[in-house]
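Heads up, run-v7.cif below (mmCIF, C-alpha atoms):
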```cif
data_model
loop_
_atom_site.label_atom_id
_atom_site.label_comp_id
_atom_site.auth_asym_id
_atom_site.auth_seq_id
_atom_site.Cartn_x
_atom_site.Cartn_y
_atom_site.Cartn_z
CA MET P 530 30.78 -22.49 -31.39
CA ALA P 531 30.55 -19.49 -33.69
CA ARG P 532 33.81 -20.72 -35.19
CA TYR P 533 32.81 -24.33 -35.82
CA GLY P 534 29.01 -24.16 -35.99
CA PRO P 535 28.69 -23.57 -39.76
CA MET P 536 31.23 -26.31 -40.58
CA VAL P 537 29.40 -28.87 -38.46
CA LEU P 538 26.04 -27.91 -39.95
CA ARG P 539 27.37 -28.40 -43.50
CA VAL P 540 28.83 -31.76 -42.56
CA CYS P 541 25.51 -32.81 -41.00
CA ARG P 542 23.61 -31.61 -44.08
CA ALA P 543 25.87 -33.55 -46.40
CA VAL P 544 25.70 -36.73 -44.35
CA LEU P 545 22.04 -36.70 -43.26
CA GLY P 546 20.25 -34.34 -45.62
CA PRO P 547 18.78 -30.96 -44.66
CA ALA P 548 15.80 -32.25 -42.68
CA ALA P 549 17.70 -34.19 -40.05
CA ALA P 550 20.78 -31.96 -40.08
CA GLU P 551 19.58 -29.38 -37.57
CA ASP P 552 18.66 -32.04 -35.00
CA ALA P 553 22.05 -33.67 -35.44
CA TRP P 554 23.77 -30.27 -35.16
CA SER P 555 22.01 -29.48 -31.87
CA GLU P 556 22.75 -32.93 -30.47
CA THR P 557 26.38 -32.60 -31.50
CA PHE P 558 26.92 -29.25 -29.80
CA LEU P 559 25.03 -30.22 -26.67
CA ALA P 560 27.23 -33.32 -26.36
CA ALA P 561 30.28 -31.19 -27.13
CA LEU P 562 29.37 -28.68 -24.39
CA GLN P 563 28.93 -31.55 -21.98
CA ALA P 564 32.26 -33.15 -22.83
CA TYR P 565 34.30 -30.02 -23.52
CA PRO P 566 35.91 -29.73 -20.06
CA GLU P 567 37.47 -33.18 -20.57
CA LEU P 568 38.87 -32.36 -24.02
CA PRO P 569 42.68 -32.36 -23.66
CA PRO P 570 44.21 -28.97 -24.46
CA GLY P 571 45.68 -28.79 -27.93
CA SER P 572 43.21 -31.32 -29.36
CA ASN P 573 42.00 -31.02 -32.93
CA VAL P 574 38.59 -29.49 -32.26
CA GLU P 575 37.34 -30.02 -35.84
CA ALA P 576 38.11 -33.75 -35.71
CA TRP P 577 36.56 -34.03 -32.26
CA LEU P 578 33.34 -32.30 -33.37
CA VAL P 579 33.11 -34.34 -36.58
CA THR P 580 33.56 -37.51 -34.49
CA ILE P 581 30.61 -36.52 -32.31
CA ALA P 582 28.57 -35.52 -35.37
CA HIS P 583 29.36 -38.87 -36.99
CA ARG P 584 28.01 -40.73 -33.93
CA LYS P 585 24.91 -38.50 -33.83
CA ALA P 586 24.31 -39.21 -37.52
CA ILE P 587 24.44 -42.94 -36.81
CA ASP P 588 21.91 -42.44 -33.99
CA ALA P 589 19.71 -40.37 -36.28
CA ARG P 590 19.72 -43.00 -39.01
CA ARG P 591 18.82 -45.71 -36.51
CA ALA P 592 15.96 -43.60 -35.17
CA GLN P 593 14.82 -42.90 -38.73
CA ALA P 594 14.85 -46.61 -39.55
CA ARG P 595 12.79 -47.39 -36.44
CA ARG P 596 10.09 -44.89 -37.30
CA ALA P 597 7.41 -46.67 -39.25
CA THR P 598 5.13 -43.88 -40.41
CA PRO P 599 6.36 -42.39 -43.66
CA THR P 600 5.00 -38.95 -42.70
CA ASP P 601 7.70 -38.71 -40.05
CA THR P 602 10.35 -38.56 -42.71
CA LEU P 603 10.69 -35.34 -44.60
CA PRO P 604 11.99 -35.60 -48.15
CA GLU P 605 15.71 -35.91 -47.89
CA ARG P 606 16.59 -34.26 -51.17
CA PRO P 607 15.28 -30.82 -51.98
CA SER P 608 14.35 -30.48 -55.61
CA SER P 609 16.00 -27.72 -57.57
CA ASP P 610 12.76 -26.04 -58.46
CA GLY P 611 14.00 -22.95 -60.20
CA LEU P 612 15.41 -21.30 -57.08
CA PRO P 613 18.30 -18.95 -57.84
CA ASP P 614 20.63 -21.17 -55.83
CA GLY P 615 19.40 -24.28 -57.61
CA ARG P 616 22.94 -25.41 -58.29
CA ASP P 617 23.74 -25.53 -54.59
CA HIS P 618 20.71 -27.73 -54.10
CA ASP P 619 21.99 -29.92 -56.91
CA LEU P 620 25.28 -30.40 -55.13
CA TRP P 621 23.56 -31.26 -51.85
CA ALA P 622 21.26 -33.61 -53.74
CA ALA P 623 24.18 -35.20 -55.59
CA LEU P 624 25.95 -35.71 -52.25
CA GLY P 625 22.79 -37.29 -50.86
CA ARG P 626 22.77 -39.86 -53.64
CA LEU P 627 26.29 -41.10 -52.90
CA PRO P 628 26.72 -44.34 -50.96
CA ARG P 629 27.01 -43.61 -47.25
CA ARG P 630 30.74 -44.27 -46.95
CA GLN P 631 31.60 -42.00 -49.89
CA ARG P 632 29.24 -39.32 -48.63
CA GLU P 633 30.90 -39.37 -45.19
CA THR P 634 34.47 -39.24 -46.44
CA VAL P 635 33.69 -36.49 -48.95
CA ALA P 636 31.85 -34.48 -46.26
CA TYR P 637 34.52 -34.92 -43.59
CA HIS P 638 37.36 -34.13 -45.98
CA TYR P 639 35.91 -31.39 -48.18
CA LEU P 640 33.47 -29.74 -45.77
CA GLY P 641 35.07 -30.66 -42.45
CA GLY P 642 38.64 -30.17 -43.66
CA LEU P 643 39.91 -33.33 -41.97
CA PRO P 644 42.89 -35.31 -43.26
CA TYR P 645 42.20 -38.92 -44.28
CA ALA P 646 44.01 -40.31 -41.23
CA GLU P 647 41.52 -38.54 -38.96
CA ILE P 648 38.62 -39.65 -41.14
CA ALA P 649 39.74 -43.27 -40.97
CA ALA P 650 39.87 -43.02 -37.18
CA ILE P 651 36.25 -41.83 -37.20
CA THR P 652 34.70 -44.11 -39.80
CA GLY P 653 36.94 -47.15 -39.32
CA GLY P 654 39.14 -48.67 -42.00
CA THR P 655 42.47 -47.38 -43.25
CA PRO P 656 43.39 -43.88 -44.38
CA ASP P 657 43.91 -45.29 -47.88
CA ALA P 658 40.42 -46.75 -47.92
CA ALA P 659 39.06 -43.38 -46.80
CA ARG P 660 41.02 -41.64 -49.55
CA ARG P 661 39.67 -44.09 -52.16
CA ALA P 662 36.09 -43.71 -50.92
CA ALA P 663 36.43 -39.93 -51.18
CA ALA P 664 37.98 -40.22 -54.66
CA ASP P 665 35.13 -42.47 -55.80
CA GLY P 666 32.62 -40.08 -54.29
CA ILE P 667 34.23 -37.11 -56.00
CA ALA P 668 34.31 -38.98 -59.31
CA ALA P 669 30.59 -39.71 -58.98
CA LEU P 670 29.90 -36.09 -58.07
CA ARG P 671 31.84 -34.94 -61.11
CA ARG P 672 29.68 -37.12 -63.33
CA VAL P 673 26.33 -35.90 -61.99
CA TYR P 674 27.12 -32.42 -60.80
CA LEU P 675 29.61 -31.05 -63.31
CA LYS P 676 28.01 -32.70 -66.32
CA GLY P 677 25.67 -29.83 -67.07
CA THR P 678 28.11 -27.06 -66.24
CA VAL P 679 28.29 -24.38 -68.91
CA ARG P 680 31.62 -22.77 -69.36
CA MET K 823 47.25 -45.14 -59.20
CA THR K 824 44.45 -42.97 -57.95
CA THR K 825 44.80 -39.31 -58.71
CA SER K 826 44.42 -37.23 -55.60
CA PRO K 827 40.96 -35.65 -55.63
CA ASP K 828 42.51 -32.61 -54.01
CA ILE K 829 44.42 -31.80 -57.16
CA ALA K 830 42.13 -33.16 -59.85
CA ASN K 831 38.92 -31.55 -58.69
CA GLY K 832 39.61 -27.91 -58.13
CA GLU K 833 36.27 -26.97 -59.61
CA LEU K 834 34.40 -29.28 -57.27
CA SER K 835 36.37 -27.93 -54.34
CA ALA K 836 35.29 -24.48 -55.44
CA ALA K 837 31.70 -25.68 -55.61
CA PHE K 838 31.99 -27.03 -52.06
CA ALA K 839 33.46 -23.77 -50.88
CA ALA K 840 30.63 -21.91 -52.58
CA LEU K 841 27.93 -23.92 -50.82
CA PRO K 842 25.91 -21.45 -48.83
CA GLY K 843 27.06 -21.05 -45.23
CA VAL K 844 24.57 -20.80 -42.44
CA ASP K 845 22.16 -17.91 -42.86
CA GLU K 846 21.44 -15.63 -39.92
CA PRO K 847 17.90 -16.84 -39.07
CA THR K 848 19.10 -20.46 -39.08
CA ARG K 849 22.11 -19.58 -36.96
CA ALA K 850 19.95 -17.69 -34.46
CA ARG K 851 17.38 -20.48 -34.30
CA LEU K 852 20.01 -23.17 -33.75
CA HIS K 853 21.76 -21.06 -31.16
CA ALA K 854 18.56 -20.40 -29.18
CA ARG K 855 17.76 -24.09 -29.29
CA LEU K 856 21.20 -25.00 -27.99
CA VAL K 857 21.02 -22.43 -25.18
CA SER K 858 17.72 -23.79 -23.89
CA ALA K 859 18.88 -27.40 -24.22
CA ALA K 860 22.11 -26.55 -22.36
CA ALA K 861 20.21 -24.70 -19.63
CA GLU K 862 17.86 -27.66 -19.26
CA ALA K 863 20.80 -30.04 -19.00
CA GLY K 864 22.36 -27.77 -16.37
CA ILE K 865 25.52 -27.15 -18.39
CA LEU K 866 25.15 -23.48 -19.22
CA ASP K 867 27.83 -22.28 -16.83
CA VAL K 868 28.43 -18.74 -18.09
CA ALA K 869 25.76 -16.77 -19.94
CA TYR K 870 26.72 -13.48 -21.54
CA ARG K 871 25.37 -10.64 -23.61
CA THR K 872 26.32 -7.09 -24.48
CA VAL K 873 24.38 -3.88 -23.85
CA ASP K 874 24.88 -0.44 -25.34
CA SER K 875 25.51 2.36 -22.88
CA PRO K 876 26.72 5.97 -22.74
CA VAL K 877 30.16 4.53 -21.90
CA GLY K 878 30.18 2.21 -24.88
CA PRO K 879 29.15 -1.41 -25.31
CA LEU K 880 29.37 -3.39 -22.08
CA LEU K 881 29.81 -7.12 -21.81
CA LEU K 882 27.74 -8.71 -19.04
CA ALA K 883 28.43 -12.28 -17.93
CA ALA K 884 26.67 -14.30 -15.24
CA THR K 885 27.00 -17.68 -13.58
CA ASP K 886 24.30 -19.51 -11.63
CA THR K 887 25.50 -17.57 -8.58
CA GLY K 888 25.14 -14.13 -10.10
CA LEU K 889 26.75 -11.46 -12.22
CA VAL K 890 30.42 -12.42 -12.53
CA ARG K 891 31.85 -9.91 -15.01
CA VAL K 892 31.14 -6.50 -16.48
CA ALA K 893 33.65 -5.46 -19.13
CA TYR K 894 34.30 -2.33 -21.15
CA ALA K 895 35.05 -2.58 -24.85
CA ARG K 896 38.62 -1.38 -24.21
CA GLU K 897 39.19 -4.56 -22.17
CA ASP K 898 38.49 -6.51 -25.42
CA HIS K 899 35.29 -8.53 -25.01
CA ASP K 900 36.68 -11.54 -26.90
CA ALA K 901 39.72 -11.67 -24.63
CA VAL K 902 37.46 -11.34 -21.56
CA LEU K 903 35.32 -14.26 -22.76
CA GLU K 904 38.44 -16.34 -23.38
CA ARG K 905 39.55 -15.67 -19.81
CA LEU K 906 36.11 -16.57 -18.45
CA ALA K 907 36.30 -19.82 -20.41
CA SER K 908 39.66 -20.67 -18.88
CA THR K 909 39.01 -19.47 -15.30
CA VAL K 910 35.29 -20.17 -14.72
CA SER K 911 34.11 -22.75 -17.26
CA PRO K 912 34.55 -23.37 -20.97
CA ARG K 913 30.77 -23.58 -21.29
CA VAL K 914 30.26 -19.94 -22.16
CA LEU K 915 27.19 -19.13 -24.26
CA LEU K 916 25.59 -16.01 -25.61
CA ALA K 917 22.25 -16.10 -23.80
CA PRO K 918 20.74 -12.60 -23.76
CA ALA K 919 17.42 -13.55 -22.18
CA ARG K 920 19.12 -14.89 -19.07
CA LEU K 921 20.64 -11.48 -18.53
CA ASP K 922 17.50 -9.45 -19.17
CA PRO K 923 17.07 -8.45 -15.49
CA VAL K 924 20.72 -7.34 -15.36
CA ALA K 925 20.43 -5.39 -18.61
CA ALA K 926 17.28 -3.71 -17.29
CA GLU K 927 19.11 -2.47 -14.17
CA PHE K 928 21.92 -1.05 -16.29
CA GLU K 929 19.40 0.73 -18.49
CA GLU K 930 17.71 2.23 -15.44
CA TYR K 931 21.06 3.27 -13.98
CA PHE K 932 22.11 5.08 -17.16
CA ALA K 933 18.69 6.73 -17.39
CA GLY K 934 19.25 8.10 -13.86
CA ARG K 935 16.39 6.03 -12.48
CA ARG K 936 18.47 3.59 -10.43
CA ARG K 937 20.89 4.46 -7.63
CA LEU K 938 21.71 0.98 -6.42
CA PHE K 939 22.22 -2.27 -8.32
CA ASP K 940 20.12 -4.93 -6.71
CA LEU K 941 21.62 -8.07 -8.23
CA PRO K 942 23.14 -11.30 -7.02
CA LEU K 943 26.90 -11.04 -7.58
CA ASP K 944 29.50 -13.73 -8.10
CA LEU K 945 32.79 -12.33 -6.77
CA ARG K 946 34.86 -15.41 -7.60
CA LEU K 947 37.16 -13.43 -9.88
CA ALA K 948 38.40 -11.25 -7.00
CA HIS K 949 40.54 -12.73 -4.26
CA GLY K 950 42.04 -11.74 -0.91
CA PHE K 951 42.63 -8.06 -0.27
CA ARG K 952 41.17 -7.08 -3.64
CA ARG K 953 37.92 -8.67 -2.64
CA THR K 954 37.96 -6.84 0.71
CA VAL K 955 38.44 -3.59 -1.20
CA LEU K 956 35.50 -4.38 -3.49
CA SER K 957 33.21 -4.90 -0.52
CA GLN K 958 34.33 -1.50 0.86
CA LEU K 959 33.63 0.14 -2.50
CA ARG K 960 30.02 -0.90 -2.29
CA ARG K 961 29.67 1.35 0.78
CA ILE K 962 30.46 4.49 -1.21
CA GLY K 963 27.02 5.87 -1.96
CA TYR K 964 25.62 7.00 -5.28
CA GLY K 965 26.90 10.44 -6.28
CA GLN K 966 29.67 10.36 -3.64
CA THR K 967 33.40 9.86 -4.01
CA ALA K 968 36.15 8.59 -1.73
CA SER K 969 39.93 8.81 -2.00
CA TYR K 970 42.15 5.78 -2.51
CA THR K 971 43.62 6.53 0.93
CA ALA K 972 40.20 6.55 2.56
CA VAL K 973 39.32 3.21 0.99
CA ALA K 974 42.65 1.77 2.18
CA VAL K 975 41.86 2.90 5.71
CA ALA K 976 38.33 1.49 5.51
CA ALA K 977 39.70 -1.82 4.23
CA GLY K 978 41.90 -2.02 7.33
CA SER K 979 45.26 -1.42 5.61
CA PRO K 980 45.94 2.33 5.64
CA LYS K 981 49.27 1.87 3.86
CA ALA K 982 47.85 -0.22 1.03
CA VAL K 983 46.88 2.78 -1.11
CA ARG K 984 48.51 1.31 -4.21
CA ALA K 985 46.85 -2.05 -3.63
CA VAL K 986 43.51 -0.24 -3.55
CA GLY K 987 44.38 1.23 -6.93
CA THR K 988 45.17 -2.24 -8.24
CA ALA K 989 41.92 -3.63 -6.81
CA CYS K 990 40.00 -0.88 -8.63
CA ALA K 991 41.92 -1.43 -11.86
CA THR K 992 41.15 -5.16 -11.78
CA ASN K 993 37.56 -4.86 -10.56
CA PRO K 994 35.68 -7.62 -12.40
CA LEU K 995 32.37 -5.80 -11.90
CA PRO K 996 32.88 -2.12 -12.74
CA ILE K 997 29.84 0.19 -12.47
CA VAL K 998 28.02 -2.34 -10.24
CA VAL K 999 30.88 -2.31 -7.75
CA PRO K 1000 31.48 1.44 -8.00
CA CYS K 1001 35.24 1.77 -8.34
CA HIS K 1002 34.53 4.88 -10.44
CA ARG K 1003 33.70 6.66 -7.17
CA VAL K 1004 37.30 6.37 -5.96
CA VAL K 1005 39.35 9.45 -6.88
CA ARG K 1006 42.74 10.82 -5.94
CA SER K 1007 43.14 12.85 -2.73
CA ASP K 1008 44.52 15.81 -4.72
CA GLY K 1009 41.19 16.07 -6.53
CA ALA K 1010 42.40 14.50 -9.79
CA ILE K 1011 40.05 11.93 -11.22
CA GLY K 1012 42.57 9.07 -11.27
CA GLY K 1013 42.65 6.07 -13.54
CA TYR K 1014 39.76 3.83 -14.45
CA VAL K 1015 39.32 0.40 -15.99
CA GLY K 1016 36.90 1.93 -18.50
CA GLY K 1017 39.14 4.95 -19.19
CA ALA K 1018 39.10 8.40 -17.60
CA ASP K 1019 36.32 9.59 -19.94
CA ALA K 1020 34.01 6.79 -18.82
CA LYS K 1021 34.79 7.63 -15.19
CA ARG K 1022 33.90 11.29 -15.79
CA THR K 1023 30.69 10.27 -17.57
CA LEU K 1024 29.59 8.07 -14.67
CA LEU K 1025 30.45 10.67 -12.01
CA SER K 1026 28.63 13.46 -13.82
CA LEU K 1027 25.64 11.20 -14.44
CA GLU K 1028 25.44 10.51 -10.71
CA ALA K 1029 26.06 14.15 -9.78
CA ALA K 1030 23.28 15.35 -12.09
CA VAL K 1031 20.53 13.21 -10.62
#
```
As structure tokens:
Amino acid sequence: MARYGPMVLRVCRAVLGPAAAEDAWSETFLAALQAYPELPPGSNVEAWLVTIAHRKAIDARRAQARRATPTDTLPERPSSDGLPDGRDHDLWAALGRLPRRQRETVAYHYLGGLPYAEIAAITGGTPDAARRAAADGIAALRRVYLKGTVR
Amino acid sequence: MTTSPDIANGELSAAFAALPGVDEPTRARLHARLVSAAAEAGILDVAYRTVDSPVGPLLLAATDTGLVRVAYAREDHDAVLERLASTVSPRVLLAPARLDPVAAEFEEYFAGRRRLFDLPLDLRLAHGFRRTVLSQLRRIGYGQTASYTAVAVAAGSPKAVRAVGTACATNPLPIVVPCHRVVRSDGAIGGYVGGADAKRTLLSLEAAV
């Protein structure tokens, strides 16, 4: 867990935003602990954890949609309000503005380190479609995130 | 043709890599939350923690049955945890609070205020004759020593002196099951799972009280 915990938390943050990420992280690892004895030896643990996290994110979004009171939903995008790590917040925020499919493929590939074949198995669709979604997501991130970069 | 984002976006990759990891308070909070959720769900099979001691950091691990493993640093705590994961259960979690009573007894022992560990033990890591030897070891009182030969006799196999040595060397619960009180008949201190220095430290601690 020490090995994979940070990776899964970053994936959850990218896919769900910071507010819901910790819940999804806890749910993911609890489910992983429960199922771990049945995991065949030699399995790709990263892909397995991201698969669980993906399902927990779907659950979380459904639960979020069901909740009617707006006070239940914390703001999903932190503003970059002059904090020293404002740029990191910008990247999280930029990720949060991507369409869901792009956000997932970018998160699973760039933060989770999964190849597109694994990502396609998790999100559905073909590896090529996953690769294109990630490329589109990255292109959009380049536009919003790297635009203001001073070199 | 689409350019591979892997190649074209080195700077973005760098930005991803530079995203802050998980800070310590967050990690600790998430971990504590997972431990209590796992305990509630009945899937915390092995809880562990470490304690500092005059014989170096000790790893303590417990199952629902009781204390299952005490390990010296020289046994390599990571390797010990890996073995627990493969032999007992892969659900191994750092859960210090669950081992507070155990840690307290160790502290009292090293302070010279405890002569007998009064803890539920899980002896599942010792089998057959080795287990018989361990139960004999628990009869050697605080501050006393016995020879390997004497333990072999007490265990009902007078010729199994070497096997007694092996049982001591593979004792999963050193200190609590006092294999440090077994010495050679010629007066030499003999080997010890925690090293000869640790054995001397424990014997002089017990002799001094």
**Request:** Please evaluate the PyMOL selection byres ((chain P and resi 573) around 12) against the structure above and give the resulting residues as a list in words.
**Result:**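 Expected selection for the PyMOL selection byres ((chain P and resi 573) around 12) here is Tyr533, Leu568, Pro569, Pro570, Gly571, Ser572, Val574, Glu575, Ala576, Trp577, Leu578, Val579, Thr580, Gly641, Gly642, Leu643, Pro644 and Glu647 of chain P.
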**Prompt:** chain P residues within 9 Å of chain K, counting all atoms listed in the file: which ones, as a ChimeraX atom specification?
**Reply:** /P:530,534-536,538-539,551,554-556,558-559,562-563,565-566,614,617-618,620-621,639-640,660-661,663-665,667-668,670-671,674-675
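Across the model, the gap from CA of Asp874 (chain K) to CA of Glu897 (chain K) is 15.2 Å.
CA of Leu882 (chain K) lies 8.0 Å from CA of Ala925 (chain K).
In this model, the gap between CA of Glu567 (chain P) and CA of Ala901 (chain K) comes to 22.0 Å.
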**Request:** Select all residues near (31.6, -8.2, -10.1) (cut-off 7 Å, inclusive, file coordinates), counting all atoms listed in the file, and output them as number ranges by chain.
**Result:** K: 889-892, 943-945, 993-996, 998-999
**Request:** Take the PyMOL selection byres ((chain K and resi 997) around 12), apply it to the structure above, and return the hits as a PyMOL selection string.
**Result:** chain K and resi 875+877+880-882+891-894+927-928+931-932+937-939+956+959-960+964+990+993-996+998-1004+1014-1016+1020-1021+1023-1025+1027-1028
**Message:** Just want the 12 Å neighbourhood of Gly653 (chain P), counted on only C-alpha atoms, with same-chain residues fewer than 4 positions away dropped. Output as an MDAnalysis selection string.
**Reply:** chainID P and resid 580 583 630 633:634 645:649 657:659
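Look at Ala974 (chain K): the protein and nucleic acid residues within 12 Å of it, using all atoms listed in the file and passing over chain neighbours fewer than 2 places away, are K:Phe951, K:Arg952, K:Thr954, K:Val955, K:Leu956, K:Ser957, K:Gln958, K:Leu959, K:Ala968, K:Ser969, K:Tyr970, K:Thr971, K:Ala972, K:Ala976, K:Ala977, K:Gly978, K:Ser979, K:Pro980, K:Lys981, K:Ala982, K:Val983, K:Arg984, K:Ala985, K:Val986, K:Gly987, K:Thr988, K:Ala989, K:Cys990, K:Val1004.
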**K:Val1005, K:Ala919, K:Val973, K:Ala933 ranked by distance to Pro876 (chain K), top pick (using all atoms listed in the file)** = K:Ala933
**Asked** Which of these, P:Ala564, P:Val635, P:Ile587, P:Gly654, has the shortest distance to Ala623 (chain P) once you count all atoms listed in the file?
**Response**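 The shortest atom-to-atom distance to Ala623 (chain P) comes from P:Val635.
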**Counting all atoms listed in the file, the residue of K:Val924, K:Gly1017, K:Val975, K:Ala884 that sits nearest Ala991 (chain K)** = K:Gly1017
**Asked** Of the residues K:Asp898, K:His949, K:Gly965, K:Ala861, which is the one nearest to Arg936 (chain K), using all atoms listed in the file?
**Response**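 Between K:Asp898, K:His949, K:Gly965, K:Ala861, the residue approaching Arg936 (chain K) most closely is K:Gly965.
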**Message:** List as a list in words the protein and nucleic acid residues near Ala869 (chain K), meaning an atom at most 8 Å away when all atoms listed in the file are counted, but skip any in the same chain fewer than 5 places from it.
**Reply:** Ala883, Ala884, Thr885, Val914, Leu915, Leu916, Ala917, Pro918, Arg920 and Leu921 of chain K
**Prompt:** Looking at all atoms listed in the file, which of P:Arg590, P:Ala650, P:Arg584, P:Leu627 is the one that sits closest to Ala549 (chain P)?
**Reply:** P:Arg590
